[in-house]
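Printed here is structure10.cif (mmCIF, C-alpha atoms):
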data_my_file
#
loop_
_atom_site.label_atom_id
_atom_site.label_comp_id
_atom_site.auth_asym_id
_atom_site.auth_seq_id
_atom_site.Cartn_x
_atom_site.Cartn_y
_atom_site.Cartn_z
CA MET H 1 5.92 81.96 12.23
CA LEU H 2 6.55 78.90 14.31
CA ASN H 3 2.89 78.62 15.16
CA GLN H 4 1.98 79.08 11.55
CA SER H 5 4.48 76.45 10.41
CA GLY H 6 3.41 74.09 13.20
CA THR H 7 -0.22 74.46 12.28
CA LEU H 8 0.65 73.95 8.67
CA GLU H 9 2.69 70.86 9.53
CA THR H 10 -0.17 69.52 11.59
CA GLN H 11 -2.58 70.16 8.76
CA ILE H 12 -0.23 68.40 6.40
CA ASN H 13 0.52 65.43 8.74
CA LEU H 14 -3.07 64.61 9.57
CA PRO H 15 -4.17 63.95 6.04
CA VAL H 16 -0.89 62.15 5.24
CA THR H 17 -1.30 59.61 8.06
CA GLY H 18 -5.05 59.48 7.65
CA ALA H 19 -5.39 57.53 10.88
CA PRO H 20 -8.48 58.33 12.91
CA SER H 21 -8.35 59.58 16.46
CA ARG H 22 -8.54 57.09 19.32
CA GLY H 23 -12.14 57.97 20.03
CA ARG H 24 -13.11 57.73 16.40
CA PHE H 25 -11.42 54.34 16.10
CA LEU H 26 -13.29 53.04 19.14
CA VAL H 27 -16.58 54.29 17.69
CA GLU H 28 -15.79 52.62 14.36
CA LEU H 29 -14.90 49.41 16.20
CA LEU H 30 -18.19 49.57 18.11
CA ILE H 31 -20.16 50.15 14.89
CA ALA H 32 -18.35 47.22 13.24
CA LEU H 33 -19.12 45.02 16.25
CA LEU H 34 -22.79 46.04 16.19
CA ILE H 35 -23.17 45.42 12.46
CA THR H 36 -21.63 41.94 12.73
CA ARG H 37 -24.24 41.14 15.42
CA LEU H 38 -27.28 42.43 13.55
CA PRO H 39 -29.38 39.67 11.98
CA PHE H 40 -29.80 40.70 8.33
CA ILE H 41 -27.45 43.63 7.85
CA SER H 42 -24.48 41.49 8.86
CA VAL H 43 -25.04 38.97 6.06
CA PRO H 44 -23.16 40.77 3.22
CA PHE H 45 -20.29 41.53 5.61
CA LYS H 46 -20.08 37.85 6.47
CA TRP H 47 -19.72 37.23 2.75
CA LEU H 48 -16.88 39.74 2.79
CA GLU H 49 -14.93 37.70 5.36
CA SER H 50 -15.86 34.50 3.56
CA TYR H 51 -14.64 35.94 0.26
CA PHE H 52 -11.26 36.98 1.69
CA HIS H 53 -11.00 33.61 3.41
CA GLU H 54 -11.47 31.70 0.13
CA LEU H 55 -9.33 34.21 -1.75
CA SER H 56 -6.51 33.49 0.71
CA HIS H 57 -6.91 29.74 0.13
CA GLY H 58 -6.72 30.40 -3.60
CA LEU H 59 -3.67 32.66 -3.40
CA ALA H 60 -1.88 30.21 -1.09
CA THR H 61 -2.61 27.45 -3.60
CA LEU H 62 -1.09 29.49 -6.42
CA LEU H 63 1.92 30.51 -4.30
CA THR H 64 2.66 26.90 -3.37
CA GLY H 65 2.50 25.70 -6.96
CA GLY H 66 -1.09 24.50 -7.15
CA ALA H 67 -4.03 25.51 -9.31
CA VAL H 68 -7.45 26.78 -8.25
CA SER H 69 -10.47 25.23 -9.92
CA HIS H 70 -13.18 27.47 -8.49
CA ILE H 71 -14.61 28.88 -5.27
CA GLN H 72 -18.08 28.59 -3.81
CA LEU H 73 -19.74 31.07 -1.47
CA PHE H 74 -22.95 30.38 0.42
CA PRO H 75 -25.50 32.83 1.86
CA ASN H 76 -24.85 31.72 5.46
CA GLY H 77 -21.22 32.86 5.20
CA ALA H 78 -19.73 29.45 4.45
CA GLY H 79 -17.39 28.96 1.52
CA LEU H 80 -15.33 26.38 -0.33
CA CYS H 81 -12.19 26.56 -2.40
CA PHE H 82 -11.61 23.76 -4.90
CA SER H 83 -7.96 23.45 -5.77
CA GLN H 84 -5.44 21.06 -7.17
CA GLY H 85 -1.94 20.48 -5.82
CA GLY H 86 0.00 22.93 -3.70
CA TRP H 87 1.03 22.50 -0.09
CA PRO H 88 -2.04 21.52 1.92
CA VAL H 89 -0.74 22.79 5.27
CA VAL H 90 -0.10 26.29 3.90
CA ILE H 91 -3.36 26.31 1.95
CA GLY H 92 -5.36 25.11 4.97
CA PHE H 93 -3.77 27.60 7.33
CA SER H 94 -4.13 30.54 4.97
CA GLY H 95 -7.95 30.81 5.19
CA TYR H 96 -8.51 32.39 8.61
CA PHE H 97 -4.96 33.77 8.69
CA GLY H 98 -5.44 35.47 5.33
CA ALA H 99 -8.85 36.91 6.22
CA ALA H 100 -7.41 38.65 9.29
CA LEU H 101 -4.39 39.82 7.30
CA TRP H 102 -6.62 41.19 4.52
CA GLY H 103 -8.61 43.05 7.17
CA TYR H 104 -5.46 44.67 8.50
CA LEU H 105 -4.22 45.57 4.99
CA ILE H 106 -7.57 47.14 4.12
CA PHE H 107 -7.44 49.11 7.38
CA ILE H 108 -3.97 50.38 6.44
CA LEU H 109 -5.27 51.32 2.98
CA ALA H 110 -8.14 53.15 4.65
CA THR H 111 -5.65 55.34 6.53
CA TRP H 112 -4.19 56.52 3.22
CA PRO H 113 -6.51 59.37 2.27
CA LYS H 114 -5.03 60.06 -1.12
CA GLY H 115 -5.26 56.43 -2.11
CA ILE H 116 -8.69 55.73 -0.68
CA ARG H 117 -10.38 55.73 -4.05
CA VAL H 118 -7.62 53.60 -5.52
CA SER H 119 -8.07 51.18 -2.60
CA PHE H 120 -11.80 50.84 -3.24
CA ALA H 121 -11.18 50.43 -6.95
CA LEU H 122 -8.51 47.79 -6.35
CA LEU H 123 -10.69 45.80 -3.99
CA GLY H 124 -13.68 46.05 -6.35
CA GLY H 125 -11.45 45.01 -9.25
CA ALA H 126 -10.15 42.04 -7.25
CA VAL H 127 -13.71 40.87 -6.61
CA VAL H 128 -14.60 41.23 -10.31
CA LEU H 129 -11.45 39.34 -11.31
CA THR H 130 -12.23 36.59 -8.81
CA THR H 131 -15.73 36.33 -10.24
CA LEU H 132 -14.37 35.92 -13.73
CA LEU H 133 -11.66 33.44 -12.81
CA TRP H 134 -13.09 31.35 -9.98
CA GLY H 135 -16.83 32.00 -9.92
CA ARG H 136 -18.75 29.12 -11.49
CA ASP H 137 -22.20 28.82 -9.96
CA LEU H 138 -24.94 31.45 -10.00
CA LEU H 139 -25.12 31.81 -6.23
CA THR H 140 -21.40 32.50 -5.87
CA ILE H 141 -21.48 34.95 -8.79
CA SER H 142 -24.42 36.76 -7.19
CA ILE H 143 -22.63 37.05 -3.85
CA LEU H 144 -19.44 38.24 -5.54
CA ALA H 145 -21.42 40.77 -7.57
CA SER H 146 -22.95 42.23 -4.41
CA LEU H 147 -19.47 42.46 -2.88
CA ALA H 148 -18.22 44.24 -6.01
CA VAL H 149 -21.09 46.73 -5.63
CA LEU H 150 -20.14 47.19 -1.96
CA PHE H 151 -16.61 48.22 -3.00
CA LEU H 152 -17.34 50.09 -6.21
CA LEU H 153 -20.45 52.03 -5.19
CA PRO H 154 -18.61 54.29 -2.68
CA LEU H 155 -16.56 55.58 -5.63
CA LYS H 156 -19.65 57.61 -6.49
CA LEU H 157 -19.23 59.52 -3.22
CA ASN H 158 -17.29 62.75 -3.32
CA LYS H 159 -16.26 62.83 0.34
CA ASN H 160 -13.14 60.83 1.04
CA ARG H 161 -13.63 61.12 4.81
CA PHE H 162 -16.75 58.99 4.79
CA MET H 163 -15.13 56.61 2.38
CA GLY H 164 -12.19 56.22 4.75
CA SER H 165 -14.47 55.54 7.69
CA GLY H 166 -16.56 53.12 5.65
CA LEU H 167 -13.54 51.16 4.52
CA ARG H 168 -12.09 51.06 8.05
CA ILE H 169 -15.39 49.74 9.40
CA MET H 170 -15.41 47.09 6.69
CA ALA H 171 -11.82 46.16 7.55
CA LEU H 172 -12.70 45.91 11.23
CA MET H 173 -15.72 43.76 10.40
CA ILE H 174 -13.50 41.41 8.39
CA MET H 175 -11.12 41.13 11.34
CA LEU H 176 -13.95 40.65 13.85
CA ASN H 177 -15.51 37.94 11.69
CA ALA H 178 -12.06 36.36 11.28
CA LEU H 179 -11.85 36.41 15.07
CA ALA H 180 -15.28 34.85 15.56
CA SER H 181 -15.31 32.33 12.71
CA PRO H 182 -12.61 29.92 14.01
CA THR H 183 -14.53 29.47 17.26
CA VAL H 184 -17.21 27.67 15.23
CA LEU H 185 -14.60 25.02 14.40
CA LEU H 186 -14.35 24.07 18.08
CA GLY H 187 -17.83 22.54 17.82
CA LEU H 188 -17.14 20.70 14.59
CA ASN H 189 -15.52 17.31 14.86
CA GLY H 190 -13.63 16.19 11.78
CA LYS H 191 -14.70 19.17 9.65
CA GLY H 192 -13.14 22.44 8.61
CA ASP H 193 -9.61 23.69 8.11
CA ALA H 194 -8.54 22.97 11.69
CA ALA H 195 -9.45 19.30 11.38
CA MET H 196 -7.66 19.08 8.03
CA LEU H 197 -4.54 20.66 9.53
CA ALA H 198 -4.77 18.37 12.54
CA GLY H 199 -4.84 15.39 10.20
CA ALA H 200 -1.91 16.69 8.19
CA THR H 201 0.34 17.79 11.07
CA TRP H 202 -0.86 15.78 14.13
CA ILE H 203 -1.18 19.11 15.96
CA PRO H 204 -4.62 19.16 17.62
CA ALA H 205 -7.33 21.19 15.90
CA TRP H 206 -7.95 23.42 18.94
CA ILE H 207 -4.35 24.65 18.82
CA TRP H 208 -4.88 25.81 15.21
CA VAL H 209 -8.10 27.54 16.25
CA PHE H 210 -6.31 29.39 19.04
CA ILE H 211 -3.47 30.38 16.68
CA TRP H 212 -6.04 31.95 14.34
CA LEU H 213 -7.84 33.63 17.22
CA GLY H 214 -4.54 35.02 18.49
CA PHE H 215 -3.55 36.25 15.05
CA SER H 216 -6.89 37.99 14.46
CA ALA H 217 -6.70 39.62 17.87
CA LEU H 218 -3.14 40.71 17.06
CA MET H 219 -4.30 42.32 13.82
CA ILE H 220 -6.98 44.34 15.65
CA PHE H 221 -4.37 45.32 18.24
CA LEU H 222 -1.98 46.44 15.45
CA CYS H 223 -4.77 48.63 14.06
CA TRP H 224 -5.22 50.17 17.50
CA GLN H 225 -1.44 50.59 17.81
CA ARG H 226 -1.31 52.43 14.52
CA VAL H 227 -4.14 54.74 15.59
CA ASP H 228 -2.53 55.26 18.98
CA ARG H 229 0.88 56.04 17.46
CA ALA H 230 -0.64 58.47 14.99
CA ALA H 231 -2.57 60.16 17.82
CA SER H 232 0.62 60.38 19.90
CA ASN H 233 2.53 61.93 16.98
CA THR H 234 -0.24 64.45 16.39
CA SER H 235 -0.34 65.45 20.06
CA SER H 236 3.46 65.79 20.21
CA ILE H 237 3.45 68.02 17.10
CA LYS H 238 0.76 70.19 18.65
CA MET D 1 -12.14 -69.93 45.87
CA GLN D 2 -11.72 -71.70 49.10
CA ILE D 3 -14.94 -73.54 48.54
CA GLN D 4 -13.80 -74.83 45.18
CA THR D 5 -10.59 -76.13 46.72
CA ASN D 6 -12.48 -78.05 49.32
CA HIS D 7 -14.71 -79.51 46.71
CA PHE D 8 -11.86 -80.79 44.57
CA ASN D 9 -10.18 -82.24 47.60
CA VAL D 10 -13.26 -84.15 48.41
CA LEU D 11 -13.57 -85.60 44.89
CA LYS D 12 -9.92 -86.44 44.53
CA SER D 13 -9.74 -88.09 47.89
CA GLY D 14 -11.61 -91.14 46.46
CA SER D 15 -12.41 -92.49 49.84
CA SER D 16 -14.89 -95.35 49.88
CA SER D 17 -16.39 -94.50 53.10
CA ILE D 18 -18.27 -91.45 52.33
CA SER D 19 -20.43 -90.44 55.06
CA PRO D 20 -23.78 -88.78 54.40
CA ALA D 21 -22.48 -85.96 56.27
CA SER D 22 -19.70 -85.70 53.77
CA ILE D 23 -22.20 -86.03 50.92
CA ASP D 24 -24.24 -83.41 52.47
CA ALA D 25 -21.12 -81.50 52.80
CA ILE D 26 -20.41 -82.09 49.13
CA THR D 27 -23.88 -81.16 48.08
CA LEU D 28 -23.73 -78.31 50.37
CA ASN D 29 -20.44 -77.37 48.99
CA THR D 30 -21.74 -77.76 45.47
CA SER D 31 -24.74 -75.69 46.15
CA GLU D 32 -22.55 -73.22 47.86
CA ARG D 33 -20.23 -73.33 44.87
CA VAL D 34 -23.12 -72.87 42.53
CA GLU D 35 -24.41 -70.09 44.55
CA SER D 36 -21.00 -68.57 44.84
CA SER D 37 -20.35 -68.97 41.16
CA SER D 38 -23.67 -67.45 40.40
CA ARG D 39 -22.79 -64.66 42.77
CA VAL D 40 -19.47 -64.25 41.05
CA GLU D 41 -21.18 -64.19 37.70
CA GLN D 42 -23.66 -61.75 39.03
CA LEU D 43 -20.86 -59.66 40.44
CA ASP D 44 -19.07 -59.97 37.14
CA LYS D 45 -22.22 -58.87 35.42
CA VAL D 46 -22.60 -55.98 37.80
CA HIS D 47 -19.02 -54.89 37.40
CA ALA D 48 -18.58 -55.75 33.79
CA SER D 49 -21.89 -54.69 32.37
CA PRO D 50 -21.08 -50.94 31.92
CA GLN D 51 -17.79 -51.77 30.26
CA LYS D 52 -19.40 -54.27 28.05
CA GLU D 53 -22.22 -51.93 27.22
CA GLU D 54 -19.75 -49.19 26.39
CA SER D 55 -17.75 -51.49 24.21
CA ARG D 56 -20.91 -52.69 22.57
CA GLU D 57 -22.04 -49.14 21.94
CA ARG D 58 -18.66 -48.23 20.54
CA ALA D 59 -18.69 -51.21 18.34
CA ALA D 60 -22.17 -50.30 17.19
CA GLU D 61 -21.09 -46.76 16.48
CA ASP D 62 -18.01 -47.88 14.65
CA SER D 63 -20.00 -50.21 12.60
CA SER D 64 -22.57 -47.54 11.82
CA ASN D 65 -19.83 -45.07 10.87
CA GLU D 66 -18.21 -47.62 8.72
CA LEU D 67 -21.52 -48.26 7.12
CA LEU D 68 -22.07 -44.57 6.49
CA LEU D 69 -18.60 -44.14 5.08
CA ALA D 70 -19.07 -47.11 2.94
CA LYS D 71 -22.36 -45.71 1.77
CA ASP D 72 -20.81 -42.28 1.06
CA VAL D 73 -17.80 -43.62 -0.74
CA GLN D 74 -19.16 -46.60 -2.55
CA SER D 75 -22.76 -45.86 -3.06
CA PRO D 76 -23.68 -42.20 -2.36
CA THR D 77 -27.26 -41.81 -1.52
CA PRO D 78 -29.23 -38.86 -3.03
CA GLU D 79 -29.31 -36.96 0.29
CA PRO D 80 -25.58 -36.13 0.73
CA LEU D 81 -25.23 -35.31 -2.95
CA ALA D 82 -28.20 -32.98 -2.87
CA PHE D 83 -26.86 -31.44 0.31
CA ARG D 84 -23.52 -30.75 -1.36
CA LEU D 85 -25.15 -29.26 -4.41
CA ASP D 86 -27.33 -27.06 -2.24
CA ALA D 87 -24.28 -25.88 -0.31
CA LYS D 88 -22.53 -24.87 -3.51
CA LEU D 89 -25.61 -23.10 -4.76
CA GLU D 90 -25.98 -21.21 -1.46
CA TYR D 91 -22.37 -20.05 -1.69
CA GLU D 92 -22.89 -18.80 -5.21
CA GLN D 93 -26.12 -17.06 -4.25
CA GLN D 94 -24.26 -14.82 -1.71
CA THR D 95 -23.32 -12.38 -4.43
CA GLN D 96 -23.57 -9.17 -2.40
CA ALA D 97 -21.14 -10.35 0.23
CA SER D 98 -18.74 -11.73 -2.33
CA ASP D 99 -19.01 -8.57 -4.42
CA GLY D 100 -18.30 -6.46 -1.35
CA ALA D 101 -15.28 -8.55 -0.53
CA VAL D 102 -13.97 -8.28 -4.09
CA ALA D 103 -14.57 -4.52 -4.11
CA GLN D 104 -12.75 -4.18 -0.80
CA TYR D 105 -9.87 -6.18 -2.15
CA LEU D 106 -9.68 -4.05 -5.28
CA THR D 107 -9.86 -0.87 -3.21
CA ASN D 108 -6.79 -1.90 -1.26
CA GLN D 109 -5.03 -3.50 -4.19
CA HIS D 110 -4.17 -0.26 -6.04
CA ALA D 111 -4.36 2.18 -3.10
CA ALA D 112 -0.88 3.62 -3.63
CA GLU D 113 -1.39 4.18 -7.36
CA ARG D 114 -4.83 5.66 -6.75
CA GLU D 115 -3.42 8.08 -4.17
CA ALA D 116 -0.68 9.13 -6.57
CA ILE D 117 -3.27 9.83 -9.29
CA GLN D 118 -5.44 11.75 -6.83
CA GLN D 119 -2.44 13.85 -5.87
CA MET D 120 -1.86 14.52 -9.54
CA VAL D 121 -5.38 15.22 -10.82
CA GLY D 122 -7.66 15.17 -7.76
CA ILE D 123 -9.49 18.20 -6.44
CA ASP D 124 -8.85 19.31 -2.86
CA THR D 125 -11.55 21.16 -0.98
CA TYR D 126 -10.82 23.79 1.64
CA ALA D 127 -13.66 25.21 3.70
#

Now, as a test, write the supplied structure out as structure tokens.
Amino acid sequence: MLNQSGTLETQINLPVTGAPSRGRFLVELLIALLITRLPFISVPFKWLESYFHELSHGLATLLTGGAVSHIQLFPNGAGLCFSQGGWPVVIGFSGYFGAALWGYLIFILATWPKGIRVSFALLGGAVVLTTLLWGRDLLTISILASLAVLFLLPLKLNKNRFMGSGLRIMALMIMLNALASPTVLLGLNGKGDAAMLAGATWIPAWIWVFIWLGFSALMIFLCWQRVDRAASNTSSIK
Amino acid sequence: MQIQTNHFNVLKSGSSSISPASIDAITLNTSERVESSSRVEQLDKVHASPQKEESRERAAEDSSNELLLAKDVQSPTPEPLAFRLDAKLEYEQQTQASDGAVAQYLTNQHAAEREAIQQMVGIDTYA
């Protein structure tokens, strides 16, 4: 009876947490790392990080009382957010910070098996809404449309397990790109969010870059911690 | 100086008995005086000539300046007038530099107001 109930509890707990095993997480992390390094396949996933980066700028602008004019995305993964008003320090900081945070949130959503379809639909809907509100030029609309397809197409799949893995890999890629992107700013003098923040706060640009790097690394570590905790709980139940 | 004194003493003495030797002495003295005076004059010339030349040059310069001033003030010749007109025309022809200076001045003149307007309606770009 106990064995039956324990097995039943285990069967119930695993789908409820939805967190992958440690080995599976490491494989997903490796796949995400490989995809971000591949020449052509990595391009749409760079757009993903760029989109969440500019979306974070836009949301920070709205939260601090400003207004967003439009966003621009470029094929090489660069992006711009044109806004009016708001608090520049918060808006400037929110780009890389927000991208890493979005990655972590998507990873958490991907460990919610029952809500996996809702998660994909919400993310796809957010991209469509962004296109309608802030997309102005053809190139940006095209990039946003491909991102919408990336989120909405998996809804055609019937297997939630693959959807969960797919979304987790996407989340990890966003976090890995958020980890790698600020390092580019170290080579840019007087350009980028770090330089803007340095001008606004007198705190050197490299300190901002290392804060973003630290935060992105922390987000990946929190993902691992969640997986590790879930694995520990599962093993203790067994 | 001593020679002159001796010479005057000889003339003022008025003695009737003037010996040839004394005449010779007088002539000698005279010649010596002449020579000495000429030497003095020569020395004066040697010593005084640079000063005199300087003073002469200064005087010449002063006179020339006065003449020029007088010419400028009283009767301006065509050259200075043309020069002045050319100078004015050159100043007016430097329009790029003057335009740049005016633009720079205007840029700084309303900087605070411009910044306030930019804060109000300007577009910020975040990469």

Within 12 Å of chain D: residues of chain H, using only C-alpha atoms, as a count of residues only: 49

Return as a compact mmCIF listing (two decimals) with C-alpha atoms, in the coordinates of the input the set of residues that the PyMOL selection byres ((chain H and resi 28-32) around 10) yields on the displayed structure.
# COMPACT_ATOMS: atom_id res chain seq x y z
CA PRO H 20 -8.48 58.33 12.91
CA ARG H 22 -8.54 57.09 19.32
CA GLY H 23 -12.14 57.97 20.03
CA ARG H 24 -13.11 57.73 16.40
CA PHE H 25 -11.42 54.34 16.10
CA LEU H 26 -13.29 53.04 19.14
CA VAL H 27 -16.58 54.29 17.69
CA LEU H 33 -19.12 45.02 16.25
CA LEU H 34 -22.79 46.04 16.19
CA ILE H 35 -23.17 45.42 12.46
CA THR H 36 -21.63 41.94 12.73
CA ARG H 37 -24.24 41.14 15.42
CA SER H 42 -24.48 41.49 8.86
CA PHE H 45 -20.29 41.53 5.61
CA SER H 165 -14.47 55.54 7.69
CA GLY H 166 -16.56 53.12 5.65
CA ARG H 168 -12.09 51.06 8.05
CA ILE H 169 -15.39 49.74 9.40
CA MET H 170 -15.41 47.09 6.69
CA ALA H 171 -11.82 46.16 7.55
CA LEU H 172 -12.70 45.91 11.23
CA MET H 173 -15.72 43.76 10.40
CA ILE H 174 -13.50 41.41 8.39
CA MET H 175 -11.12 41.13 11.34
CA LEU H 176 -13.95 40.65 13.85
CA ASN H 177 -15.51 37.94 11.69
CA ILE H 220 -6.98 44.34 15.65
CA TRP H 224 -5.22 50.17 17.50

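Picture a line from CA of Trp212 in chain H to CA of Phe97 in chain H; it runs 6.0 Å.
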
Output check: residues returned by the PyMOL selection byres ((chain H and resi 129-135) around 7), as a VMD selection string: chain H and resid 69 to 71 125 to 128 136 to 137 140 to 141 144

Pick from H:Val149, H:Ala100, H:Ala230, H:Leu155 nearest to Phe120 in chain H, counting all atoms listed in the file: H:Leu155
